[in-house]
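One structure is given here, and the rest of the page talks about it.
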Amino acid sequence: MVFRLENLLPKPFEEIDVSASHVWNKSIGLSSGRYICLQAASGKGKSTLLHILYGRRKDYSGSAMLDGADIRSFSEGKWAALRQKKLSIVFQELMLFSELTGLENILLKSRLTNYYNQDRIFEMAKRLNVQHLFRKKCGILSFGEKQRIAILRALVQPFEWLLLDEPFSHLDSENSQRAAELILEECKGRHAGILVTALEHDNLFPYHEIITV
């Protein structure tokens with residue numbers, strides 16, 4: 001899967017100087033199988049870009065293409081299929097259901113495709129040290145605990161692109177490393193790409209590209 005951006009510019013940035021950006025108002029390609037870091041200070045549109053690629057925002061000029069097709073033309077059914085089989089995401093705001101337990105949040109996603117059975121899910125949970133959170137409602141978890149649940153939820157479905165919006169912002173170095181190692185193993189096994197936003201460069205993934213937003 002290849003995303004191509006041509007003169008893409010979100011509406012909120014139309015009155016802002018974006019000449020330093022390597023994304024906005026530029027022509028770039030993003031190929032699955034590559035590990036790409038989108039780096040910039042807050043407010044430069046890193047989350048906005050992921051939301052555009054995931055089909056959540058359409059308030060932009062220019063075009064975003066997926067395998068040669070303009071994503072603006074995709075029906076809701078097309079987006080649903082892509083989000084089940086091709087695109088997975090960890091939102092910066094996580095989007096977990098507070099009234100559900102950690103396991104229930106994960107199974108809601110898992111049951112759409114049955115990509116992994118529960119034994120594999122529990123094995124991955126141990127890698128992230130979140131198995132003890134499975135019976136707790138997400139509304140009472142810390143943000144860092146929620147991040148690890150959201151990461152696991154993103155990994156239990158098939159995907160060719162994994163979109164990660166500052167996924168380690170509330171994790172200590174040990175838990176960040178644990179999560180990054182599991183993510184990398186999963187992506188290598190699927191030949192999938194990683195598109196991760198960050199405030200500054202990190203060494204958690206062997207990036208092929210670092211792109212300034």
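Residues in the structure tokens are numbered from 1 in each chain, the chains being A, B, ... in the order shown, and ligands are numbered from 1 in the order shown.
Look at segment 32-34 of chain A: the protein and nucleic acid residues within 10 Å of it, using only C-alpha atoms and passing over chain neighbours fewer than 5 places away, are Met1, Val2, Phe3, Phe159, Glu160, Trp161, Leu162, Cys187, Lys188, Arg190, His191, Ala192, Gly193, Ile194, Leu195, Pro206, Tyr207, His208 and Glu209 of chain A.
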Please report, as JSON lines, each residue of segment 46-140 of chain A lying at most 10 Å from segment 170-182 of chain A, together with the nearest pair of atoms and the separation in Å rounded to one decimal; use only C-alpha atoms, and order rows by chain and ascending residue number.
{"residue": "A:Met124", "atom": "CA", "partner": "A:Leu182", "partner_atom": "CA", "distance": 7.8}
{"residue": "A:Arg127", "atom": "CA", "partner": "A:Arg178", "partner_atom": "CA", "distance": 6.8}
{"residue": "A:Leu128", "atom": "CA", "partner": "A:Ala179", "partner_atom": "CA", "distance": 6.0}
{"residue": "A:Asn129", "atom": "CA", "partner": "A:Asn175", "partner_atom": "CA", "distance": 8.3}
Using only C-alpha atoms, find each residue in segment 48-162 of chain A having at least one atom no more than 7 Å away from segment 7-19 of chain A; report its shortest atom-to-atom pair and that distance in Å (one decimal), rows by chain then rising number, as JSON lines.
{"residue": "A:Asp59", "atom": "CA", "partner": "A:Lys11", "partner_atom": "CA", "distance": 5.7}
{"residue": "A:Tyr60", "atom": "CA", "partner": "A:Pro10", "partner_atom": "CA", "distance": 4.0}
{"residue": "A:Ser61", "atom": "CA", "partner": "A:Leu9", "partner_atom": "CA", "distance": 5.3}
{"residue": "A:Gly62", "atom": "CA", "partner": "A:Leu8", "partner_atom": "CA", "distance": 4.3}
{"residue": "A:Ser63", "atom": "CA", "partner": "A:Leu8", "partner_atom": "CA", "distance": 5.6}
{"residue": "A:Ala64", "atom": "CA", "partner": "A:Leu8", "partner_atom": "CA", "distance": 6.9}
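The closest residue to Leu53 of chain A, picked from A:Lys26, A:Leu5, A:Gln84, A:Tyr35 and counting only C-alpha atoms, is A:Leu5.
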Excluding Asn105 of chain A and any residue of its chain fewer than 6 positions from it, enumerate the residues within 12 Å of it, using only C-alpha atoms, and give them as a PyMOL selection string.
chain A and resi 94-99+111+133-139+146+148-154+156
Among segment 41-203 of chain A, which residues carry a DSSP assignment of strand (DSSP E or B), reported as JSON, numbers by chain?
{"A": [60, 61, 62, 63, 64, 65, 66, 69, 70, 87, 88, 89, 90, 101, 137, 161, 162, 163, 164, 165, 193, 194, 195, 196, 197, 198]}
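Comparing A:Lys58, A:Lys46, A:His132, A:Arg83 by their smallest distance to Ile71 of chain A, the closest is A:Lys58 (using only C-alpha atoms).
Once Val213 of chain A and its same-chain neighbours fewer than 2 positions away are set aside, A:Ser21, A:His22, A:Val23, A:Trp24, A:Leu38, A:Gln39, A:Ala40, A:Lys44, A:Gly45, A:Lys46, A:Ile211 remain within 8 Å of it when counting only C-alpha atoms.
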Store the residues of this selection in a file with C-alpha atoms, as a JSON list (two decimals), in the first residue's frame.
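Final output, part_32.json:
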[["chain", "number", "residue", "atom", "x", "y", "z"],
["A", 21, "SER", "CA", 7.43, 21.40, 6.21],
["A", 22, "HIS", "CA", 8.42, 18.39, 4.13],
["A", 23, "VAL", "CA", 4.76, 17.30, 4.00],
["A", 24, "TRP", "CA", 2.41, 20.25, 3.53],
["A", 38, "LEU", "CA", 6.83, 12.18, 11.40],
["A", 39, "GLN", "CA", 8.69, 14.65, 13.58],
["A", 40, "ALA", "CA", 7.65, 18.16, 14.59],
["A", 44, "LYS", "CA", 2.38, 21.39, 13.27],
["A", 45, "GLY", "CA", -0.24, 18.87, 12.15],
["A", 46, "LYS", "CA", 1.23, 15.46, 12.92],
["A", 211, "ILE", "CA", 10.11, 13.51, 7.87]]
Could you work out how far atom CA of Leu163 of chain A lies from atom CA of Gly68 of chain A, giving the answer in Å with one decimal?
19.7 Å
Atomic distance atom CA of Gln147 of chain A - atom CA of Val90 of chain A, expressed in Å with one decimal
8.2 Å
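Minimum atom-to-atom distances from A:Arg56, A:Lys126, A:Lys109, A:Arg120 to Gln157 of chain A were compared using only C-alpha atoms, and the lowest value belongs to A:Lys109.
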What is the atom CA of Lys85 of chain A to atom CA of Val196 of chain A distance in Å?
19.0 Å
Identify which of the residues A:Gly144, A:Gly29, A:Pro158, A:Gly43 lies closest to Asn114 of chain A, counting only C-alpha atoms when measuring atom-to-atom distances.
A:Pro158
